[in-house]
Amino acid sequence: MAGILRGEIRWADLNPTRENEQAGHRPVLILSHDVFNERSGTVVAVALTSQQQRAGFPLTLELTAARLPKRSWIKISQIRTLAIERIGKRLGRALPEEMAQVLEGLYEILGE
């Protein structure tokens, strides 16, 4: 699939999963750079959920800019590498400020 861009929110098939991993057909936020997405056959993404989250930043971040059908939270701790065949229709796009916050959350979780 051509044209998967960083910052896009797209449907993805996350099955199969184990234990506490986000499962099912759900939106994801694409984190990896456009060139990587085009050349590698994979994307790096984080799962979204429509269930209000008790955990705050850096584990989750509410999306406010994207026009999604439901109120949504980015589950920053649920980062996955996915084959492009798992990626579906585009739903929207995160703002640059939201992308920066997600990356900041990842740095906090992983340590610098």
# chains A, B, ... in the order shown; residues from 1 in each chain; ligands from 1
>>> closest_atom_pairs(of="region 75-94 of chain A", to="region 6-14 of chain A", cutoff="8 Å", atoms="only C-alpha atoms", output="Markdown table")
| residue | atom | partner | partner_atom | distance |
| --- | --- | --- | --- | --- |
| A:Arg86 | CA | A:Asp13 | CA | 5.2 |
| A:Ile87 | CA | A:Ala12 | CA | 4.5 |
| A:Gly88 | CA | A:Trp11 | CA | 4.9 |
| A:Lys89 | CA | A:Arg10 | CA | 5.6 |
| A:Arg90 | CA | A:Arg10 | CA | 4.4 |
| A:Leu91 | CA | A:Arg10 | CA | 5.3 |
| A:Gly92 | CA | A:Ile9 | CA | 5.1 |
| A:Arg93 | CA | A:Glu8 | CA | 4.3 |
| A:Ala94 | CA | A:Gly7 | CA | 5.3 |
>>> residues_around(residues="region 63-75 of chain A", least_positions_apart="2", cutoff="7 Å", atoms="only C-alpha atoms", output="list in words")
Val46, Ala47, Leu48, Thr49, Ser50, Leu59, Thr60, Leu61, Ser77, Gln78, Leu91, Gly92, Arg93, Ala94 and Leu95 of chain A
>>> write_last_selection(atoms="N, CA and C atoms", output="mmCIF file, in the first residue's frame")
data_model
loop_
_atom_site.group_PDB
_atom_site.id
_atom_site.type_symbol
_atom_site.label_atom_id
_atom_site.label_comp_id
_atom_site.auth_asym_id
_atom_site.auth_seq_id
_atom_site.Cartn_x
_atom_site.Cartn_y
_atom_site.Cartn_z
ATOM 1 N N VAL A 46 1.090 3.402 17.065
ATOM 2 C CA VAL A 46 0.532 3.227 18.401
ATOM 3 C C VAL A 46 -0.979 3.112 18.277
ATOM 4 N N ALA A 47 -1.546 2.282 19.146
ATOM 5 C CA ALA A 47 -2.983 2.018 19.115
ATOM 6 C C ALA A 47 -3.775 3.168 19.724
ATOM 7 N N LEU A 48 -4.996 3.328 19.235
ATOM 8 C CA LEU A 48 -5.945 4.279 19.805
ATOM 9 C C LEU A 48 -7.071 3.495 20.461
ATOM 10 N N THR A 49 -7.748 4.148 21.397
ATOM 11 C CA THR A 49 -8.908 3.553 22.047
ATOM 12 C C THR A 49 -9.975 4.620 22.232
ATOM 13 N N SER A 50 -11.227 4.189 22.260
ATOM 14 C CA SER A 50 -12.318 5.120 22.544
ATOM 15 C C SER A 50 -12.756 5.018 24.005
ATOM 16 N N LEU A 59 1.550 7.731 29.432
ATOM 17 C CA LEU A 59 0.993 6.471 28.922
ATOM 18 C C LEU A 59 -0.119 6.688 27.902
ATOM 19 N N THR A 60 -0.899 7.735 28.080
ATOM 20 C CA THR A 60 -1.985 8.018 27.134
ATOM 21 C C THR A 60 -2.058 9.520 26.871
ATOM 22 N N LEU A 61 -2.690 9.858 25.745
ATOM 23 C CA LEU A 61 -2.887 11.252 25.368
ATOM 24 C C LEU A 61 -4.195 11.344 24.606
ATOM 25 N N SER A 77 1.913 3.682 25.186
ATOM 26 C CA SER A 77 2.666 2.491 25.585
ATOM 27 C C SER A 77 2.373 1.277 24.704
ATOM 28 N N GLN A 78 1.409 1.380 23.798
ATOM 29 C CA GLN A 78 1.048 0.269 22.924
ATOM 30 C C GLN A 78 1.632 0.477 21.525
ATOM 31 N N LEU A 91 -8.297 7.649 8.470
ATOM 32 C CA LEU A 91 -9.382 8.260 9.246
ATOM 33 C C LEU A 91 -9.158 9.741 9.516
ATOM 34 N N GLY A 92 -7.910 10.142 9.543
ATOM 35 C CA GLY A 92 -7.608 11.525 9.876
ATOM 36 C C GLY A 92 -6.117 11.712 10.057
ATOM 37 N N ARG A 93 -5.771 12.801 10.727
ATOM 38 C CA ARG A 93 -4.366 13.137 10.917
ATOM 39 C C ARG A 93 -4.209 13.852 12.260
ATOM 40 N N ALA A 94 -3.146 13.522 12.977
ATOM 41 C CA ALA A 94 -2.814 14.206 14.225
ATOM 42 C C ALA A 94 -2.103 15.514 13.901
ATOM 43 N N LEU A 95 -2.260 16.480 14.772
ATOM 44 C CA LEU A 95 -1.542 17.743 14.618
ATOM 45 C C LEU A 95 -0.065 17.536 14.937
#
>>> atom_distance(atom1="CA of Glu85 (chain A)", atom2="CA of Ile4 (chain A)")
11.3 Å
>>> closest_residue(among="A:Val102, A:Leu5, A:Ile76, A:Ile109", to="Ile30 (chain A)", atoms="only C-alpha atoms")
A:Leu5
>>> closest_atom_pairs(of="region 2-38 of chain A", to="region 79-82 of chain A", cutoff="12 Å", atoms="only C-alpha atoms", output="CSV")
residue,atom,partner,partner_atom,distance
A:Trp11,CA,A:Leu82,CA,11.8
A:Ala12,CA,A:Leu82,CA,8.6
A:Asp13,CA,A:Leu82,CA,8.9
A:Leu14,CA,A:Leu82,CA,8.1
A:Asn15,CA,A:Leu82,CA,10.5
A:Pro16,CA,A:Leu82,CA,11.5
A:Thr17,CA,A:Arg80,CA,10.9
A:Glu21,CA,A:Ile79,CA,9.4
A:Gln22,CA,A:Ile79,CA,9.6
A:Ala23,CA,A:Arg80,CA,11.4
A:Val28,CA,A:Ile79,CA,9.4
A:Leu29,CA,A:Ile79,CA,9.5
A:Ile30,CA,A:Arg80,CA,9.8
A:Leu31,CA,A:Ile79,CA,9.1
A:Ser32,CA,A:Thr81,CA,9.3
A:Phe36,CA,A:Thr81,CA,11.6
A:Asn37,CA,A:Leu82,CA,10.1
>>> atom_distance(atom1="CA of Gln51 (chain A)", atom2="CA of Leu106 (chain A)")
20.5 Å
>>> select_by_dssp(residues="chain A", states="strand (DSSP E or B)", output="number ranges by chain")
A: 8-13, 25-30, 42-49, 60-63, 72-83, 87-93
>>> write_last_selection(atoms="N, CA and C atoms", output="CSV table (one decimal), in the first residue's frame")
chain,number,residue,atom,x,y,z
A,8,GLU,N,-0.6,10.1,10.2
A,8,GLU,CA,-2.0,9.7,9.8
A,8,GLU,C,-2.6,8.8,10.9
A,9,ILE,N,-3.9,8.8,11.0
A,9,ILE,CA,-4.6,7.9,11.8
A,9,ILE,C,-5.3,6.9,10.8
A,10,ARG,N,-5.1,5.6,10.9
A,10,ARG,CA,-5.6,4.7,10.0
A,10,ARG,C,-6.2,3.5,10.7
A,11,TRP,N,-7.1,2.8,10.1
A,11,TRP,CA,-7.6,1.5,10.6
A,11,TRP,C,-6.4,0.5,10.5
A,12,ALA,N,-6.4,-0.4,11.5
A,12,ALA,CA,-5.4,-1.5,11.4
A,12,ALA,C,-5.9,-2.8,12.0
A,13,ASP,N,-5.5,-3.9,11.5
A,13,ASP,CA,-5.8,-5.2,12.1
A,13,ASP,C,-4.7,-5.6,13.1
A,25,HIS,N,-9.6,-4.8,15.3
A,25,HIS,CA,-9.6,-3.8,14.2
A,25,HIS,C,-9.8,-2.5,14.8
A,26,ARG,N,-8.8,-1.6,14.9
A,26,ARG,CA,-8.9,-0.4,15.6
A,26,ARG,C,-8.0,0.7,14.9
A,27,PRO,N,-8.2,1.9,15.2
A,27,PRO,CA,-7.4,3.0,14.7
A,27,PRO,C,-6.0,3.0,15.3
A,28,VAL,N,-5.0,3.3,14.5
A,28,VAL,CA,-3.6,3.5,15.0
A,28,VAL,C,-3.1,4.8,14.5
A,29,LEU,N,-2.1,5.4,15.2
A,29,LEU,CA,-1.4,6.6,14.7
A,29,LEU,C,-0.1,6.1,14.2
A,30,ILE,N,0.2,6.5,13.0
A,30,ILE,CA,1.5,6.2,12.3
A,30,ILE,C,2.6,7.1,12.9
A,42,THR,N,6.7,-2.2,6.4
A,42,THR,CA,6.1,-2.1,7.7
A,42,THR,C,6.0,-0.6,8.1
A,43,VAL,N,5.2,-0.4,9.2
A,43,VAL,CA,5.0,0.9,9.8
A,43,VAL,C,5.2,0.7,11.3
A,44,VAL,N,5.6,1.8,12.0
A,44,VAL,CA,5.6,1.8,13.4
A,44,VAL,C,4.4,2.6,13.9
A,45,ALA,N,3.6,2.1,14.7
A,45,ALA,CA,2.3,2.8,15.1
A,45,ALA,C,2.0,2.6,16.5
A,46,VAL,N,1.1,3.4,17.1
A,46,VAL,CA,0.5,3.2,18.4
A,46,VAL,C,-1.0,3.1,18.3
A,47,ALA,N,-1.5,2.3,19.1
A,47,ALA,CA,-3.0,2.0,19.1
A,47,ALA,C,-3.8,3.2,19.7
A,48,LEU,N,-5.0,3.3,19.2
A,48,LEU,CA,-5.9,4.3,19.8
A,48,LEU,C,-7.1,3.5,20.5
A,49,THR,N,-7.7,4.1,21.4
A,49,THR,CA,-8.9,3.6,22.0
A,49,THR,C,-10.0,4.6,22.2
A,60,THR,N,-0.9,7.7,28.1
A,60,THR,CA,-2.0,8.0,27.1
A,60,THR,C,-2.1,9.5,26.9
A,61,LEU,N,-2.7,9.9,25.7
A,61,LEU,CA,-2.9,11.3,25.4
A,61,LEU,C,-4.2,11.3,24.6
A,62,GLU,N,-5.1,12.2,25.0
A,62,GLU,CA,-6.3,12.4,24.3
A,62,GLU,C,-6.1,13.2,23.0
A,63,LEU,N,-6.6,12.6,21.9
A,63,LEU,CA,-6.6,13.3,20.6
A,63,LEU,C,-7.7,14.4,20.6
A,72,SER,N,-11.2,9.9,21.4
A,72,SER,CA,-10.1,8.9,21.3
A,72,SER,C,-8.9,9.3,22.1
A,73,TRP,N,-8.2,8.3,22.6
A,73,TRP,CA,-7.0,8.4,23.3
A,73,TRP,C,-5.9,7.6,22.6
A,74,ILE,N,-4.7,8.2,22.5
A,74,ILE,CA,-3.6,7.4,22.0
A,74,ILE,C,-3.0,6.7,23.2
A,75,LYS,N,-2.8,5.4,23.0
A,75,LYS,CA,-2.2,4.5,24.0
A,75,LYS,C,-0.7,4.5,23.7
A,76,ILE,N,0.1,5.5,24.2
A,76,ILE,CA,1.5,5.6,23.8
A,76,ILE,C,2.3,4.4,24.2
A,77,SER,N,1.9,3.7,25.2
A,77,SER,CA,2.7,2.5,25.6
A,77,SER,C,2.4,1.3,24.7
A,78,GLN,N,1.4,1.4,23.8
A,78,GLN,CA,1.0,0.3,22.9
A,78,GLN,C,1.6,0.5,21.5
A,79,ILE,N,3.0,0.5,21.5
A,79,ILE,CA,3.7,0.7,20.2
A,79,ILE,C,3.9,-0.6,19.5
A,80,ARG,N,3.7,-0.6,18.2
A,80,ARG,CA,3.8,-1.9,17.4
A,80,ARG,C,4.4,-1.6,16.1
A,81,THR,N,5.1,-2.6,15.6
A,81,THR,CA,5.6,-2.6,14.2
A,81,THR,C,4.6,-3.5,13.4
A,82,LEU,N,4.0,-3.0,12.4
A,82,LEU,CA,2.9,-3.7,11.6
A,82,LEU,C,3.3,-3.8,10.2
A,83,ALA,N,3.0,-4.9,9.6
A,83,ALA,CA,3.1,-5.1,8.1
A,83,ALA,C,2.1,-4.1,7.4
A,87,ILE,N,-2.6,-2.4,7.5
A,87,ILE,CA,-3.1,-1.1,7.5
A,87,ILE,C,-4.2,-0.8,6.5
A,88,GLY,N,-5.2,-0.1,7.0
A,88,GLY,CA,-6.4,0.1,6.1
A,88,GLY,C,-6.6,1.6,5.9
A,89,LYS,N,-7.9,2.0,5.8
A,89,LYS,CA,-8.3,3.3,5.4
A,89,LYS,C,-7.9,4.4,6.3
A,90,ARG,N,-7.6,5.5,5.8
A,90,ARG,CA,-7.2,6.7,6.5
A,90,ARG,C,-8.4,7.3,7.2
A,91,LEU,N,-8.3,7.6,8.5
A,91,LEU,CA,-9.4,8.3,9.2
A,91,LEU,C,-9.2,9.7,9.5
A,92,GLY,N,-7.9,10.1,9.5
A,92,GLY,CA,-7.6,11.5,9.9
A,92,GLY,C,-6.1,11.7,10.1
A,93,ARG,N,-5.8,12.8,10.7
A,93,ARG,CA,-4.4,13.1,10.9
A,93,ARG,C,-4.2,13.9,12.3
>>> select_by_dssp(residues="region 16-97 of chain A", states="helix (DSSP H, G or I)", output="PDB file with N, CA and C atoms, in the first residue's frame")
ATOM      1  N   ASP A  34       7.809   8.672   6.498  1.00  0.00           N
ATOM      2  CA  ASP A  34       7.223   8.307   5.212  1.00  0.00           C
ATOM      3  C   ASP A  34       8.129   7.388   4.394  1.00  0.00           C
ATOM      4  N   VAL A  35       9.418   7.696   4.336  1.00  0.00           N
ATOM      5  CA  VAL A  35      10.360   6.895   3.546  1.00  0.00           C
ATOM      6  C   VAL A  35      10.455   5.481   4.117  1.00  0.00           C
ATOM      7  N   PHE A  36      10.514   5.364   5.440  1.00  0.00           N
ATOM      8  CA  PHE A  36      10.533   4.054   6.084  1.00  0.00           C
ATOM      9  C   PHE A  36       9.275   3.273   5.719  1.00  0.00           C
ATOM     10  N   ASN A  37       8.130   3.924   5.801  1.00  0.00           N
ATOM     11  CA  ASN A  37       6.855   3.268   5.495  1.00  0.00           C
ATOM     12  C   ASN A  37       6.833   2.752   4.056  1.00  0.00           C
ATOM     13  N   GLU A  38       7.362   3.549   3.151  1.00  0.00           N
ATOM     14  CA  GLU A  38       7.362   3.204   1.734  1.00  0.00           C
ATOM     15  C   GLU A  38       8.312   2.057   1.415  1.00  0.00           C
ATOM     16  N   ARG A  39       9.480   2.054   2.043  1.00  0.00           N
ATOM     17  CA  ARG A  39      10.531   1.110   1.652  1.00  0.00           C
ATOM     18  C   ARG A  39      10.604  -0.166   2.478  1.00  0.00           C
ATOM     19  N   SER A  40      10.106  -0.150   3.708  1.00  0.00           N
ATOM     20  CA  SER A  40      10.334  -1.289   4.602  1.00  0.00           C
ATOM     21  C   SER A  40       9.259  -2.360   4.543  1.00  0.00           C
ATOM     22  N   ILE A  84       2.484  -3.560   6.325  1.00  0.00           N
ATOM     23  CA  ILE A  84       1.564  -2.623   5.663  1.00  0.00           C
ATOM     24  C   ILE A  84       0.267  -3.294   5.244  1.00  0.00           C
ATOM     25  N   GLU A  85       0.271  -4.612   5.103  1.00  0.00           N
ATOM     26  CA  GLU A  85      -0.957  -5.325   4.759  1.00  0.00           C
ATOM     27  C   GLU A  85      -1.997  -5.238   5.878  1.00  0.00           C
ATOM     28  N   ARG A  86      -1.569  -4.920   7.088  1.00  0.00           N
ATOM     29  CA  ARG A  86      -2.485  -4.761   8.224  1.00  0.00           C
ATOM     30  C   ARG A  86      -3.136  -3.373   8.265  1.00  0.00           C
ATOM     31  N   PRO A  96       0.816  18.373  14.376  1.00  0.00           N
ATOM     32  CA  PRO A  96       2.240  18.273  14.714  1.00  0.00           C
ATOM     33  C   PRO A  96       2.488  18.353  16.226  1.00  0.00           C
ATOM     34  N   GLU A  97       1.707  19.178  16.935  1.00  0.00           N
ATOM     35  CA  GLU A  97       1.866  19.303  18.385  1.00  0.00           C
ATOM     36  C   GLU A  97       1.523  17.985  19.083  1.00  0.00           C
TER      37      GLU A  97
END
